[in-house]
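Asker: What follows is the file entry-v1.cif, containing mmCIF, C-alpha atoms and all ligand atoms:
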data_coords
loop_
_atom_site.label_atom_id
_atom_site.label_comp_id
_atom_site.auth_asym_id
_atom_site.auth_seq_id
_atom_site.Cartn_x
_atom_site.Cartn_y
_atom_site.Cartn_z
CA MET A 740 33.09 -70.79 97.60
CA PRO A 741 36.00 -68.37 97.94
CA ILE A 742 35.29 -65.57 100.39
CA ALA A 743 36.99 -62.19 100.02
CA PHE A 744 37.90 -60.36 103.20
CA THR A 745 38.08 -56.60 103.59
CA HIS A 746 39.47 -56.10 107.09
CA ALA A 747 40.47 -57.82 110.30
CA ASN A 748 41.15 -57.06 113.93
CA GLY A 749 42.22 -59.21 116.88
CA ALA A 750 40.74 -62.69 116.35
CA ALA A 751 38.14 -61.52 113.80
CA MET A 752 37.91 -60.96 110.05
CA TRP A 753 35.13 -59.40 107.98
CA ASP A 754 34.14 -60.31 104.43
CA VAL A 755 32.97 -58.03 101.60
CA ASP A 756 29.34 -58.56 102.70
CA GLY A 757 30.10 -57.43 106.25
CA ASN A 758 29.96 -60.91 107.80
CA GLN A 759 32.28 -61.47 110.77
CA TYR A 760 34.35 -64.60 111.30
CA ILE A 761 36.42 -65.93 114.19
CA ASP A 762 39.76 -66.69 112.59
CA TYR A 763 41.77 -69.83 113.41
CA SER A 764 43.82 -69.69 110.22
CA LEU A 765 45.68 -66.50 111.17
CA ALA A 766 47.13 -66.01 107.69
CA TYR A 767 48.48 -69.60 107.78
CA GLY A 768 50.00 -69.04 111.21
CA PRO A 769 52.03 -65.82 111.37
CA LEU A 770 49.51 -63.76 113.37
CA ILE A 771 50.61 -64.92 116.83
CA LEU A 772 49.50 -61.56 118.30
CA GLY A 773 46.25 -61.58 116.31
CA HIS A 774 45.29 -59.30 113.43
CA ASN A 775 46.72 -55.77 113.48
CA PRO A 776 48.40 -55.67 116.92
CA ARG A 777 48.99 -52.03 117.84
CA ARG A 778 52.71 -52.30 118.55
CA VAL A 779 53.44 -54.07 115.26
CA VAL A 780 51.28 -51.68 113.22
CA ASP A 781 53.00 -48.69 114.87
CA ALA A 782 56.44 -50.12 114.13
CA ILE A 783 55.52 -50.75 110.49
CA GLU A 784 54.01 -47.28 110.05
CA ALA A 785 57.01 -45.57 111.61
CA GLN A 786 59.46 -47.50 109.43
CA VAL A 787 57.47 -46.94 106.23
CA ARG A 788 57.88 -43.19 106.81
CA ARG A 789 61.64 -43.58 107.36
CA GLY A 790 62.25 -45.85 104.38
CA ILE A 791 60.48 -48.81 102.78
CA SER A 792 63.61 -50.51 101.51
CA PHE A 793 67.31 -49.71 101.50
CA GLY A 794 69.01 -52.62 99.77
CA ALA A 795 71.81 -51.93 102.23
CA ASN A 796 72.62 -52.56 105.87
CA HIS A 797 70.62 -50.86 108.60
CA PRO A 798 70.55 -51.07 112.42
CA LEU A 799 67.25 -53.00 112.63
CA GLU A 800 68.93 -56.08 111.09
CA ALA A 801 71.48 -56.20 113.90
CA GLN A 802 68.86 -55.47 116.56
CA LEU A 803 66.64 -58.25 115.26
CA ALA A 804 69.54 -60.72 115.02
CA GLU A 805 70.42 -59.90 118.65
CA ALA A 806 66.80 -60.35 119.75
CA ILE A 807 66.53 -63.74 118.02
CA CYS A 808 69.86 -64.90 119.47
CA ARG A 809 68.58 -63.85 122.91
CA VAL A 810 65.46 -66.04 122.76
CA VAL A 811 66.22 -69.00 120.46
CA PRO A 812 68.65 -71.45 122.14
CA SER A 813 70.46 -72.62 118.97
CA ALA A 814 70.91 -69.09 117.59
CA GLU A 815 74.49 -67.80 117.67
CA GLN A 816 74.29 -66.02 114.31
CA CYS A 817 71.40 -65.10 112.08
CA ILE A 818 70.60 -64.33 108.43
CA PHE A 819 67.30 -63.18 106.97
CA SER A 820 65.17 -64.30 104.05
CA ASN A 821 61.52 -63.67 103.23
CA THR A 822 59.70 -67.01 103.36
CA GLY A 823 60.12 -70.35 105.04
CA THR A 824 60.68 -72.02 101.67
CA GLU A 825 63.68 -69.79 100.93
CA ALA A 826 65.18 -70.12 104.39
CA VAL A 827 64.99 -73.93 104.25
CA GLN A 828 66.98 -73.84 101.00
CA VAL A 829 69.61 -71.57 102.56
CA ALA A 830 69.91 -73.89 105.56
CA LEU A 831 70.41 -76.91 103.28
CA ARG A 832 73.05 -75.00 101.32
CA ILE A 833 74.89 -74.11 104.52
CA ALA A 834 74.86 -77.75 105.59
CA ARG A 835 76.20 -78.93 102.24
CA ALA A 836 78.88 -76.24 102.09
CA ALA A 837 80.00 -76.84 105.67
CA THR A 838 80.17 -80.64 105.36
CA GLY A 839 81.21 -81.01 101.71
CA ARG A 840 78.45 -83.64 101.44
CA THR A 841 75.34 -83.85 99.26
CA LYS A 842 72.45 -85.91 100.63
CA ILE A 843 69.66 -84.68 102.86
CA VAL A 844 67.26 -86.71 104.98
CA LYS A 845 63.69 -85.62 105.60
CA PHE A 846 60.73 -87.35 107.22
CA LEU A 847 57.32 -88.56 106.08
CA GLY A 848 54.66 -85.91 106.65
CA HIS A 849 57.12 -83.11 107.44
CA TYR A 850 56.69 -80.03 105.23
CA HIS A 851 59.59 -77.75 104.40
CA GLY A 852 58.16 -75.47 101.71
CA TRP A 853 57.43 -75.96 98.06
CA ALA A 854 60.91 -76.14 96.49
CA ASP A 855 61.42 -79.21 94.29
CA ASN A 856 64.01 -80.98 96.48
CA VAL A 857 61.78 -81.14 99.57
CA ASN A 858 58.24 -81.00 98.19
CA LEU A 859 57.83 -84.71 97.81
CA GLY A 860 54.74 -86.84 97.91
CA SER A 861 55.92 -87.62 101.43
CA TYR A 862 53.89 -84.59 102.43
CA GLY A 863 50.56 -86.35 102.98
CA GLU A 864 51.52 -89.51 101.08
CA THR A 865 53.85 -92.39 101.67
CA ASP A 866 55.84 -92.46 98.46
CA ARG A 867 58.37 -90.26 96.68
CA THR A 868 56.14 -88.88 93.94
CA PRO A 869 56.49 -85.11 93.44
CA GLY A 870 54.13 -83.02 95.53
CA SER A 871 53.12 -80.98 92.49
CA ALA A 872 52.94 -81.23 88.73
CA GLY A 873 55.77 -79.37 87.06
CA GLN A 874 58.49 -80.33 89.53
CA ASP A 875 61.89 -81.47 88.35
CA PRO A 876 62.04 -85.14 89.38
CA GLY A 877 65.84 -84.92 89.30
CA ALA A 878 65.76 -82.40 92.14
CA MET A 879 64.91 -85.20 94.56
CA ALA A 880 67.90 -87.36 93.68
CA ALA A 881 69.76 -86.44 96.86
CA THR A 882 66.70 -86.45 99.16
CA ILE A 883 66.10 -89.50 101.36
CA VAL A 884 62.71 -89.85 103.06
CA VAL A 885 62.24 -91.94 106.18
CA GLY A 886 59.61 -92.41 108.86
CA TRP A 887 59.88 -90.09 111.85
CA ASN A 888 60.12 -91.42 115.42
CA ASP A 889 61.93 -94.46 114.03
CA ILE A 890 65.51 -94.26 115.22
CA ASP A 891 66.57 -97.45 113.40
CA ALA A 892 65.27 -96.12 110.08
CA LEU A 893 67.32 -92.95 110.60
CA ARG A 894 70.42 -94.92 111.58
CA GLU A 895 70.12 -96.99 108.43
CA VAL A 896 70.09 -94.07 105.99
CA LEU A 897 72.89 -91.96 107.49
CA ASP A 898 76.16 -92.33 105.61
CA ASP A 899 79.33 -90.37 104.90
CA ASP A 900 77.56 -88.32 102.22
CA THR A 901 74.67 -87.15 104.42
CA ALA A 902 74.93 -83.38 104.75
CA ALA A 903 71.75 -82.64 106.69
CA VAL A 904 68.81 -84.13 108.51
CA ILE A 905 65.86 -81.76 108.55
CA MET A 906 62.74 -82.17 110.67
CA GLU A 907 59.86 -80.32 112.27
CA PRO A 908 60.65 -80.90 115.97
CA VAL A 909 56.89 -81.02 116.50
CA ASN A 910 55.40 -82.28 113.25
CA VAL A 911 52.54 -79.77 113.10
CA ASP A 912 52.08 -80.10 109.34
CA GLY A 913 51.73 -83.87 109.56
CA GLY A 914 49.17 -83.71 112.38
CA CYS A 915 50.70 -81.92 115.40
CA LEU A 916 52.56 -85.16 116.09
CA HIS A 917 55.13 -85.23 118.89
CA ALA A 918 58.47 -86.95 119.10
CA SER A 919 58.34 -90.05 121.24
CA ASP A 920 60.26 -89.98 124.54
CA GLY A 921 63.97 -89.54 123.96
CA TYR A 922 63.69 -89.52 120.14
CA LEU A 923 64.90 -85.94 119.59
CA GLU A 924 68.00 -86.43 121.77
CA GLU A 925 68.77 -89.83 120.29
CA ALA A 926 68.32 -88.58 116.73
CA ALA A 927 70.51 -85.53 117.48
CA GLY A 928 73.23 -87.79 118.89
CA LEU A 929 73.15 -90.09 115.85
CA VAL A 930 73.18 -87.20 113.37
CA ARG A 931 76.10 -85.42 115.06
CA ALA A 932 78.11 -88.61 115.44
CA ASN A 933 77.75 -89.00 111.69
CA GLY A 934 79.19 -85.52 111.05
CA THR A 935 75.79 -84.45 109.67
CA VAL A 936 74.07 -81.10 110.35
CA LEU A 937 70.79 -81.29 112.29
CA ILE A 938 68.27 -78.69 111.06
CA PHE A 939 65.08 -77.96 112.96
CA ASP A 940 62.41 -76.41 110.77
CA GLU A 941 60.66 -74.20 113.32
CA VAL A 942 58.72 -72.17 110.77
CA ILE A 943 55.51 -73.07 112.62
CA THR A 944 56.76 -73.89 116.12
CA GLY A 945 59.18 -70.95 116.45
CA PHE A 946 57.83 -68.21 118.75
CA ARG A 947 54.56 -70.18 118.91
CA ILE A 948 54.81 -73.21 121.16
CA SER A 949 57.23 -71.27 123.34
CA LEU A 950 59.23 -68.07 122.89
CA GLY A 951 62.30 -70.16 122.08
CA GLY A 952 60.29 -72.62 119.97
CA ALA A 953 60.19 -76.40 120.21
CA GLN A 954 63.92 -76.58 120.92
CA ALA A 955 63.42 -74.58 124.13
CA LYS A 956 60.22 -76.35 125.15
CA TYR A 957 61.53 -79.88 124.48
CA ALA A 958 65.15 -79.14 125.37
CA CYS A 959 66.90 -80.32 122.23
CA THR A 960 69.22 -77.91 120.44
CA PRO A 961 69.81 -78.34 116.69
CA ASP A 962 72.81 -77.08 114.72
CA LEU A 963 70.70 -74.85 112.45
CA THR A 964 67.13 -73.60 112.82
CA VAL A 965 64.74 -72.20 110.23
CA LEU A 966 62.30 -69.56 111.47
CA GLY A 967 59.43 -67.82 109.67
CA LYS A 968 55.69 -67.26 110.06
CA ALA A 969 55.22 -65.86 113.64
CA LEU A 970 58.58 -64.08 113.45
CA GLY A 971 57.08 -61.40 111.19
CA GLY A 972 53.66 -61.25 112.85
CA GLY A 973 52.10 -61.16 109.35
CA LEU A 974 54.88 -59.61 107.29
CA PRO A 975 57.12 -61.82 105.14
CA ILE A 976 60.38 -62.46 106.94
CA SER A 977 62.22 -65.68 107.72
CA ALA A 978 65.60 -66.50 109.21
CA VAL A 979 68.25 -69.17 109.42
CA VAL A 980 70.04 -69.21 112.74
CA GLY A 981 72.68 -71.49 114.17
CA ARG A 982 76.23 -72.27 115.17
CA THR A 983 78.84 -69.67 114.27
CA ASP A 984 81.18 -72.24 112.72
CA LEU A 985 78.43 -73.35 110.32
CA MET A 986 77.16 -69.84 109.57
CA ALA A 987 80.75 -68.96 108.65
CA VAL A 988 80.17 -70.32 105.14
CA VAL A 989 77.73 -67.45 104.59
CA ALA A 990 79.84 -64.86 106.40
CA ASP A 991 82.93 -65.63 104.30
CA GLY A 992 80.94 -65.61 101.04
CA ARG A 993 81.28 -69.29 100.15
CA VAL A 994 77.48 -69.67 100.28
CA THR A 995 75.50 -67.20 98.22
CA HIS A 996 72.65 -65.80 100.26
CA ALA A 997 70.95 -63.64 97.67
CA GLY A 998 67.53 -61.98 97.74
CA THR A 999 66.38 -58.48 96.83
CA HIS A 1000 64.21 -58.18 99.93
CA ASN A 1001 66.39 -60.00 102.49
CA GLY A 1002 66.48 -58.00 105.71
CA ASN A 1003 63.94 -55.44 104.51
CA PRO A 1004 63.62 -52.63 107.10
CA VAL A 1005 59.80 -52.79 107.32
CA THR A 1006 59.69 -56.54 107.88
CA THR A 1007 62.57 -56.41 110.36
CA ALA A 1008 60.80 -53.58 112.22
CA ALA A 1009 57.67 -55.73 112.41
CA ALA A 1010 59.65 -58.75 113.65
CA LEU A 1011 61.40 -56.68 116.32
CA ALA A 1012 58.02 -55.43 117.53
CA VAL A 1013 56.67 -59.02 117.66
CA ILE A 1014 59.61 -60.25 119.74
CA SER A 1015 59.44 -57.21 122.06
CA GLU A 1016 55.75 -57.87 122.64
CA LEU A 1017 56.37 -61.59 123.29
CA GLU A 1018 59.29 -60.84 125.62
CA ALA A 1019 57.33 -58.22 127.56
CA ALA A 1020 54.80 -60.75 128.90
CA THR A 1021 56.21 -64.15 128.01
CA THR A 1022 54.70 -66.15 130.88
CA GLU A 1023 51.21 -64.71 130.47
CA ILE A 1024 51.23 -64.97 126.68
CA TYR A 1025 52.29 -68.62 126.48
CA ALA A 1026 49.96 -69.59 129.32
CA HIS A 1027 47.14 -67.92 127.39
CA LEU A 1028 48.07 -69.61 124.11
CA ASP A 1029 48.21 -72.95 125.91
CA VAL A 1030 44.76 -72.47 127.45
CA MET A 1031 43.26 -71.29 124.16
CA SER A 1032 44.56 -74.24 122.13
CA THR A 1033 43.42 -76.67 124.85
CA LEU A 1034 39.95 -75.15 125.03
CA LEU A 1035 39.64 -75.03 121.24
CA ALA A 1036 40.57 -78.71 120.90
CA GLU A 1037 38.11 -79.66 123.65
CA ALA A 1038 35.33 -77.51 122.17
CA LEU A 1039 35.67 -78.97 118.67
CA GLN A 1040 35.80 -82.53 119.97
CA ALA A 1041 32.86 -82.03 122.37
CA ALA A 1042 30.69 -80.30 119.75
CA THR A 1043 31.19 -83.06 117.19
CA SER A 1044 31.35 -86.07 119.51
CA GLY A 1045 28.79 -88.77 118.78
CA SER A 1046 28.07 -87.39 115.29
CA ASP A 1047 29.31 -89.00 112.12
CA HIS A 1048 31.64 -86.00 111.79
CA ALA A 1049 33.44 -86.64 115.07
CA LEU A 1050 36.73 -84.75 115.29
CA ASN A 1051 39.98 -85.76 116.88
CA VAL A 1052 42.22 -82.80 117.64
CA ARG A 1053 45.90 -82.95 118.53
CA ARG A 1054 47.47 -79.87 120.07
CA ASP A 1055 50.45 -78.06 121.52
CA THR A 1056 50.74 -74.52 122.84
CA GLY A 1057 49.01 -72.13 120.42
CA VAL A 1058 48.48 -74.72 117.71
CA GLY A 1059 46.46 -77.81 116.90
CA HIS A 1060 45.48 -80.13 114.10
CA GLY A 1061 41.95 -81.41 113.57
CA PHE A 1062 41.07 -84.71 111.93
CA GLN A 1063 37.77 -86.18 110.88
CA SER A 1064 38.44 -89.50 112.49
CA PRO A 1065 36.51 -91.57 115.02
CA SER A 1066 39.72 -92.99 116.48
CA PRO A 1067 42.61 -91.09 118.08
CA ILE A 1068 45.47 -89.86 115.90
CA LEU A 1069 48.66 -91.16 117.49
CA GLU A 1070 51.14 -91.34 114.64
CA TYR A 1071 51.60 -90.43 111.00
CA GLY A 1072 49.97 -93.64 109.73
CA ASP A 1073 46.74 -92.75 111.58
CA THR A 1074 46.55 -89.40 109.76
CA LEU A 1075 46.34 -91.21 106.42
CA CYS A 1076 43.16 -92.97 107.58
CA ALA A 1077 41.38 -89.72 108.51
CA SER A 1078 38.99 -88.27 105.94
CA SER A 1079 40.21 -85.00 104.45
CA GLU A 1080 36.96 -84.74 102.42
CA ARG A 1081 34.81 -84.86 105.55
CA TYR A 1082 37.08 -82.42 107.38
CA GLY A 1083 36.82 -80.11 104.35
CA ALA A 1084 33.02 -80.36 104.49
CA PHE A 1085 33.15 -79.50 108.20
CA THR A 1086 35.29 -76.41 107.58
CA ALA A 1087 32.87 -75.29 104.84
CA ALA A 1088 29.96 -75.67 107.27
CA MET A 1089 31.93 -73.76 109.93
CA LEU A 1090 32.58 -70.94 107.47
CA ALA A 1091 28.85 -70.68 106.93
CA GLU A 1092 28.53 -70.43 110.73
CA GLY A 1093 31.10 -67.63 111.07
CA VAL A 1094 34.29 -69.56 111.87
CA HIS A 1095 37.32 -69.52 109.57
CA LEU A 1096 39.30 -72.80 109.75
CA MET A 1097 42.01 -74.13 107.46
CA PRO A 1098 40.59 -77.07 105.48
CA LYS A 1099 43.97 -78.81 105.79
CA GLY A 1100 43.42 -79.20 109.54
CA ILE A 1101 45.95 -76.94 111.25
CA LEU A 1102 44.40 -74.72 113.92
CA TYR A 1103 46.09 -71.55 115.12
CA VAL A 1104 45.17 -69.40 118.11
CA SER A 1105 46.58 -66.01 119.01
CA VAL A 1106 47.03 -63.70 121.96
CA ALA A 1107 43.79 -62.01 120.81
CA HIS A 1108 41.54 -65.09 121.11
CA THR A 1109 39.29 -65.22 124.17
CA GLU A 1110 37.23 -67.82 126.02
CA GLY A 1111 34.18 -66.10 124.51
CA ASP A 1112 35.54 -66.89 121.03
CA ILE A 1113 35.90 -70.53 122.01
CA THR A 1114 32.35 -70.67 123.38
CA ARG A 1115 31.03 -69.14 120.14
CA THR A 1116 33.12 -71.63 118.20
CA TYR A 1117 31.61 -74.53 120.16
CA GLU A 1118 28.09 -73.24 119.38
CA ALA A 1119 29.00 -72.74 115.72
CA ALA A 1120 30.35 -76.30 115.55
CA ARG A 1121 27.09 -77.68 116.97
CA ARG A 1122 25.17 -75.79 114.27
CA ALA A 1123 27.69 -76.88 111.62
CA ILE A 1124 27.10 -80.54 112.50
CA ARG A 1125 23.32 -80.03 112.17
CA ARG A 1126 23.93 -78.24 108.88
CA LEU A 1127 25.99 -81.19 107.60
CA HIS A 1128 23.32 -83.65 108.64
CA ASP A 1129 20.67 -81.57 106.88
CA GLY A 1130 22.87 -81.24 103.78
CA ARG A 1131 22.96 -77.44 104.11
CA GLN A 1132 26.73 -76.88 104.26
CA HIS A 1133 26.73 -74.26 101.51
CA SER A 1134 25.45 -70.85 102.46
CA SER A 1135 26.34 -67.38 101.29
CA SER A 1136 26.41 -65.76 104.71
CA PRO A 1137 27.35 -66.84 108.21
CA ALA A 1138 24.54 -67.46 110.68
CA ALA A 1139 26.66 -66.42 113.63
CA GLY A 1140 28.97 -63.62 114.58
CA SER A 1141 27.76 -61.17 111.93
C1 LIG B 1201 57.29 -76.31 108.80
C2 LIG B 1201 57.25 -75.43 107.59
N1 LIG B 1201 58.38 -75.17 106.93
C3 LIG B 1201 58.42 -74.37 105.85
C4 LIG B 1201 57.27 -73.79 105.36
C5 LIG B 1201 57.31 -72.90 104.16
O1 LIG B 1201 57.11 -71.58 104.56
P1 LIG B 1201 56.55 -70.50 103.51
O2 LIG B 1201 55.13 -70.86 103.22
O3 LIG B 1201 56.71 -69.19 104.25
O4 LIG B 1201 57.41 -70.57 102.31
C6 LIG B 1201 56.05 -74.03 106.02
C7 LIG B 1201 54.81 -73.43 105.52
O5 LIG B 1201 53.71 -73.72 105.91
C8 LIG B 1201 56.04 -74.87 107.15
O6 LIG B 1201 54.90 -75.17 107.79
#
Please, can you express the file's structure as structure tokens?
Answerer:
Amino acid sequence: MPIAFTHANGAAMWDVDGNQYIDYSLAYGPLILGHNPRRVVDAIEAQVRRGISFGANHPLEAQLAEAICRVVPSAEQCIFSNTGTEAVQVALRIARAATGRTKIVKFLGHYHGWADNVNLGSYGETDRTPGSAGQDPGAMAATIVVGWNDIDALREVLDDDTAAVIMEPVNVDGGCLHASDGYLEEAAGLVRANGTVLIFDEVITGFRISLGGAQAKYACTPDLTVLGKALGGGLPISAVVGRTDLMAVVADGRVTHAGTHNGNPVTTAAALAVISELEAATTEIYAHLDVMSTLLAEALQAATSGSDHALNVRRDTGVGHGFQSPSPILEYGDTLCASSERYGAFTAAMLAEGVHLMPKGILYVSVAHTEGDITRTYEAARRAIRRLHDGRQHSSSPAAGS
């Protein structure tokens, strides 16, 4: 049943009936510092009093661009949008304008927002059917989909009309799947040799698996990067960053980068506060996120092990992906054999036990999560498994954490 929430703080949320939940959804990922971090709330409040929106330039845009360029390796210049979906489209436009080419290559299981040209059935499926009813099938004409981690498949599809190759450098959406050894570098080399623009979609991994994202952690620098989610700490802001020579097509006006709310002062103030907080204690924060995501994965696997709802959890720093699967998830093909129905039933049982998980499988932890939260989550998962066995997964109020 849908649950309506009234307030949240740190790692916890409360529903309209006063029940408390440990939150591993974190608003679909943005809340890297947890719910309502003081510094971000203060920055938002202060900016709201100075001006909610200008529709004109302001110093926070430049300060935020400088902060992003300081921490994200591929960032030489920066433009702002509001959502990951929009920023992906801007990045593709830049690639097409800069190369004078048309085609884009994306990978099975990699998600790049809901726009018609990238929202293929390849998100969770293996064919090219649209991801949603109502899409324009013609919008996919220039989109090629290939398997990830398969360098020969990529080599085969690249031609002199390929404008961009876009990928999640860690495929969190597909299952927190990692590039095999050397794949990112080899793919980058192939793409560049072909005169094609390499785009990393770091909407999830940016500021989460390390301050500089997957490109910093796994030492592979793309030409353009899309950022979103954690950048705004909960407010809607996204960015495209990259090489100055590519970004020039926006700077000189050849590419239209429209949007009423682009670079809004409140969202830029929030993003600046997020980056300041992450820069102030980078080592401690990412060590903490790493420990939390490790402990969460271990707790969920241990609590469900031996039951017929055994979970397999893949993880990276601050993020994970749970599967209802008795066998390990090693590659995209394995994810298609896992049961989304059974994982959905598990998340419903967890909700009844006071733990908020995304039914799709992605798990997010924040700076605010503690070992105590993980212990309570382990206990809730044990009860959830009993609940599932007893056929009691539906309940109107959580048994724990209220
Ligand atoms: C990797 C990736 N790219 C792009 C998007 C789209 O971002 P948004 O939902 O902000 O439009 C998402 C959203 O989940 C994502 O995970």
Asker: May I ask you to write as a PyMOL selection string all residues lying at most 10 Å from ligand LIG 1201 (chain B), with only C-alpha atoms and all ligand atoms counted?
Answerer: chain A and resi 767-769+820-828+849-854+857+906-913+939-945+965-968+975-977+1101
Asker: Take the selection from the previous step and output its residues with C-alpha atoms, as an mmCIF file, keeping the file's coordinate frame.
Answerer:
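Result file result.cif:
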data_model
loop_
_atom_site.group_PDB
_atom_site.id
_atom_site.type_symbol
_atom_site.label_atom_id
_atom_site.label_comp_id
_atom_site.auth_asym_id
_atom_site.auth_seq_id
_atom_site.Cartn_x
_atom_site.Cartn_y
_atom_site.Cartn_z
ATOM 1 C CA TYR A 767 48.480 -69.600 107.780
ATOM 2 C CA GLY A 768 50.000 -69.040 111.210
ATOM 3 C CA PRO A 769 52.030 -65.820 111.370
ATOM 4 C CA SER A 820 65.170 -64.300 104.050
ATOM 5 C CA ASN A 821 61.520 -63.670 103.230
ATOM 6 C CA THR A 822 59.700 -67.010 103.360
ATOM 7 C CA GLY A 823 60.120 -70.350 105.040
ATOM 8 C CA THR A 824 60.680 -72.020 101.670
ATOM 9 C CA GLU A 825 63.680 -69.790 100.930
ATOM 10 C CA ALA A 826 65.180 -70.120 104.390
ATOM 11 C CA VAL A 827 64.990 -73.930 104.250
ATOM 12 C CA GLN A 828 66.980 -73.840 101.000
ATOM 13 C CA HIS A 849 57.120 -83.110 107.440
ATOM 14 C CA TYR A 850 56.690 -80.030 105.230
ATOM 15 C CA HIS A 851 59.590 -77.750 104.400
ATOM 16 C CA GLY A 852 58.160 -75.470 101.710
ATOM 17 C CA TRP A 853 57.430 -75.960 98.060
ATOM 18 C CA ALA A 854 60.910 -76.140 96.490
ATOM 19 C CA VAL A 857 61.780 -81.140 99.570
ATOM 20 C CA MET A 906 62.740 -82.170 110.670
ATOM 21 C CA GLU A 907 59.860 -80.320 112.270
ATOM 22 C CA PRO A 908 60.650 -80.900 115.970
ATOM 23 C CA VAL A 909 56.890 -81.020 116.500
ATOM 24 C CA ASN A 910 55.400 -82.280 113.250
ATOM 25 C CA VAL A 911 52.540 -79.770 113.100
ATOM 26 C CA ASP A 912 52.080 -80.100 109.340
ATOM 27 C CA GLY A 913 51.730 -83.870 109.560
ATOM 28 C CA PHE A 939 65.080 -77.960 112.960
ATOM 29 C CA ASP A 940 62.410 -76.410 110.770
ATOM 30 C CA GLU A 941 60.660 -74.200 113.320
ATOM 31 C CA VAL A 942 58.720 -72.170 110.770
ATOM 32 C CA ILE A 943 55.510 -73.070 112.620
ATOM 33 C CA THR A 944 56.760 -73.890 116.120
ATOM 34 C CA GLY A 945 59.180 -70.950 116.450
ATOM 35 C CA VAL A 965 64.740 -72.200 110.230
ATOM 36 C CA LEU A 966 62.300 -69.560 111.470
ATOM 37 C CA GLY A 967 59.430 -67.820 109.670
ATOM 38 C CA LYS A 968 55.690 -67.260 110.060
ATOM 39 C CA PRO A 975 57.120 -61.820 105.140
ATOM 40 C CA ILE A 976 60.380 -62.460 106.940
ATOM 41 C CA SER A 977 62.220 -65.680 107.720
ATOM 42 C CA ILE A 1101 45.950 -76.940 111.250
#
Asker: I'd like the interatomic distance between CA of Ser1064 (chain A) and CA of Ala1049 (chain A), to a tenth of an Å.
Answerer: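 Spanning CA of Ser1064 (chain A) to CA of Ala1049 (chain A) is a straight-line distance of 6.3 Å.
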Asker: Report, in Å to a single decimal, how far apart CA of Asn1001 (chain A) and CA of Phe819 (chain A) are.
Answerer: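 CA of Phe819 (chain A) sits 5.6 Å away from CA of Asn1001 (chain A).
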Asker: Given all atoms listed in the file as the basis, pick out the residue of A:Met1089, A:Cys959, A:Ala1107, A:Leu803 nearest to Arg777 (chain A).
Answerer: A:Ala1107
Asker: Please work out which residues fall within 12 Å of (76.9, -63.5, 106.6), coordinates as given in the file, with only C-alpha atoms counting, and return them as a PyMOL selection string.
Answerer: chain A and resi 796+800-801+804+816-819+829+833+978-981+983-997+1001-1002
Asker: Nearest to Ala785 (chain A) among A:Thr1006, A:Ser1078, A:Thr901, A:Gln874, with distances taken over only C-alpha atoms: which residue is it?
Answerer: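 Of the candidates, the smallest distance to Ala785 (chain A) is held by A:Thr1006.
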Asker: What is the CA of Val1106 (chain A)-CA of Ala1038 (chain A) distance in Å, reported with one decimal?
Answerer: 18.1 Å
Asker: Neighbours of Gly877 (chain A) within 12 Å (only C-alpha atoms; same-chain residues fewer than 2 positions away dropped), as a list of chain:residue names?
Answerer: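 Listing them by chain and then by number gives A:Asp855, A:Asn856, A:Val857, A:Leu859, A:Arg867, A:Thr868, A:Pro869, A:Gly873, A:Gln874, A:Asp875, A:Met879, A:Ala880, A:Ala881, A:Thr882.
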Asker: Taking into account all atoms listed in the file, which residue in the set A:Gly839, A:Pro1004, A:Gly773, A:Gly749 is nearest to Gly1057 (chain A)?
Answerer: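 Once distances to Gly1057 (chain A) are computed over all atoms listed in the file, the minimum belongs to A:Gly773.
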Asker: Could you give me, as an mmCIF file with C-alpha atoms, in the frame of the given file, the residues within 10 Å of Val810 (chain A), counting all atoms listed in the file and dropping anything in the same chain fewer than 5 positions from it?
Answerer:
data_model
loop_
_atom_site.group_PDB
_atom_site.id
_atom_site.type_symbol
_atom_site.label_atom_id
_atom_site.label_comp_id
_atom_site.auth_asym_id
_atom_site.auth_seq_id
_atom_site.Cartn_x
_atom_site.Cartn_y
_atom_site.Cartn_z
ATOM 1 C CA GLU A 805 70.420 -59.900 118.650
ATOM 2 C CA PHE A 946 57.830 -68.210 118.750
ATOM 3 C CA SER A 949 57.230 -71.270 123.340
ATOM 4 C CA LEU A 950 59.230 -68.070 122.890
ATOM 5 C CA GLY A 951 62.300 -70.160 122.080
ATOM 6 C CA GLY A 952 60.290 -72.620 119.970
ATOM 7 C CA ALA A 955 63.420 -74.580 124.130
ATOM 8 C CA ILE A 1014 59.610 -60.250 119.740
ATOM 9 C CA GLU A 1018 59.290 -60.840 125.620
#
Asker: Could you name the residues that touch Val1013 (chain A) at 8 Å or less, counting only C-alpha atoms, but leaving out those on the same chain fewer than 2 positions away, as a list in words?
Answerer: Leu772, Arg778, Val779, Leu970, Gly971, Gly972, Ala1009, Ala1010, Leu1011, Ser1015, Glu1016 and Leu1017 of chain A
Asker: Taking only C-alpha atoms into account, name the residue in A:Ala1077, A:Ala969, A:Ala932, A:Ala903 that is nearest to Arg835 (chain A).
Answerer: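 Once distances to Arg835 (chain A) are computed over only C-alpha atoms, the minimum belongs to A:Ala903.
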Asker: Which residue is closest to Ala1084 (chain A)? Choose from A:Val904, A:Ile791, A:Leu1096, A:Val896 and count all atoms listed in the file.
Answerer: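 Looking at the shortest contact to Ala1084 (chain A), the residue is A:Leu1096.
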Asker: Write out as number ranges by chain which residues come within 6 Å of region 753-758 of chain A when counting all atoms listed in the file, dropping same-chain ones fewer than 2 positions away.
Answerer: A: 743-746, 1141
Asker: Padding 3 Å on each side, edges along x, y and z: where is the centre of the box around the listed atoms of region 786-794 of chain A, and how long are its edges in Å to one decimal? Output it as lines of an AutoDock Vina configuration file.
Answerer:
center_x = 63.2
center_y = -47.9
center_z = 104.6
size_x = 17.5
size_y = 15.4
size_z = 15.7
